[in-house]
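Report on one structure; see the data block that follows.
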Amino acid sequence: MLTSGVEKVIHVGRMAFLQAGEGLFMMLFVGMFLLSMVIYGVPVQAAEKDHSARVNCDIQHTSCTQELSDTQVVLDITPKPVKAMADLTFRITLTGKQPAAAPYIDLGMPGMKMGPNRVTLKSMGNGVHEGTGIIVRCPSGKKVWKATVIVPNMGAAEFVFDVIY
Ligand SMILES: [Cu+2]
């Protein structure tokens with residue numbers, strides 16, 4: 001009678017200890033899961049939201065180059081720093097095969113419909129084409145812009161870069 005009573009107490013105590021251990025283990029597991037979300041999930045989501053992960057051109061400091069099948073497309077925008085709501089000169093230099101008609105640039109933002117904003121370019125000779133345009137200030141406050149350079153009959157190159165507001 002007495003021994004079974006003691007055994008019962010020990011048994012209940014052991015069960016409580018095991019349950020407490022399980023609880024701690026679960027808390028540790030959930031904690032590590034949340035930590036991994038903070039470390040990996042949140043920065044990736046934030047980067048995708050403002051599209052900074054898609055930036056492929058450091059236009060604030062240099063010109064940018066992309067390859068089409070028959071020609072190299074070099075984009076430069078001046079003056080620097082490249083600011084919104086300012087008169088900007090866009091220069092496209094094509095090395096290699098030249099298109100029959102002048103290239104042009106469509107300005108927009110990744111993942112957003114911003115309304116048409118086309119920069120037409122004039123040939124300056126030697127594969128250099130220049131034109132002027134304005135990058136507007138996006139009401140969302142986002143500063144990642146995209147210049148799609150269309151080279152007639154040869155393709156298009158997308159340059160994604162940060163603009164100063
Ligand atoms: Cu926008």
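Ligands are numbered from 1 in the order shown, residues from 1 within each chain, and chains are lettered A, B, ... in the order they appear in the structure tokens.
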For this session: May I have the residues within 8 Å of region 56-63 of chain A as a ChimeraX atom specification, using only C-alpha atoms and disregarding those fewer than 6 positions away in the same chain?
Result: /A:74-77,80-82,159-163
For this session: Let me have all residues with an atom within 9 Å of ligand 1, counting only C-alpha atoms and all ligand atoms, laid out as a PyMOL selection string.
Result: chain A and resi 108-114+136-145
Neighbours of Leu121 (chain A) within 12 Å (only C-alpha atoms; same-chain residues fewer than 6 positions away dropped), as a tab-separated table (two decimals) with C-alpha atoms, in the first residue's frame?
chain	number	residue	atom	x	y	z
A	75	LEU	CA	24.17	52.86	-70.84
A	89	THR	CA	21.15	62.91	-70.55
A	90	PHE	CA	20.92	59.27	-71.56
A	91	ARG	CA	23.76	57.92	-73.68
A	92	ILE	CA	23.67	54.52	-75.34
A	93	THR	CA	26.85	53.28	-76.98
A	101	ALA	CA	17.24	52.48	-86.70
A	102	ALA	CA	18.27	54.34	-83.53
A	103	PRO	CA	17.72	52.60	-80.18
A	104	TYR	CA	15.34	54.12	-77.62
A	105	ILE	CA	14.76	53.78	-73.88
A	106	ASP	CA	11.55	53.03	-71.96
A	127	GLY	CA	27.60	53.97	-82.29
A	128	VAL	CA	26.82	56.69	-79.73
A	129	HIS	CA	23.18	57.74	-79.28
A	130	GLU	CA	22.01	60.49	-76.94
A	131	GLY	CA	18.72	61.87	-75.68
A	132	THR	CA	17.26	63.67	-72.69
A	133	GLY	CA	14.55	62.61	-70.28
A	149	VAL	CA	16.92	49.81	-74.04
A	150	ILE	CA	15.26	48.66	-77.25
A	151	VAL	CA	17.61	48.09	-80.16
Exercise. Out of region 39-131 of chain A, which residues get strand (DSSP E or B) from DSSP, as a PyMOL selection string?
Worked result: chain A and resi 64-67+71-78+83+88-96+104-109+112+118-120+122-125+128-131
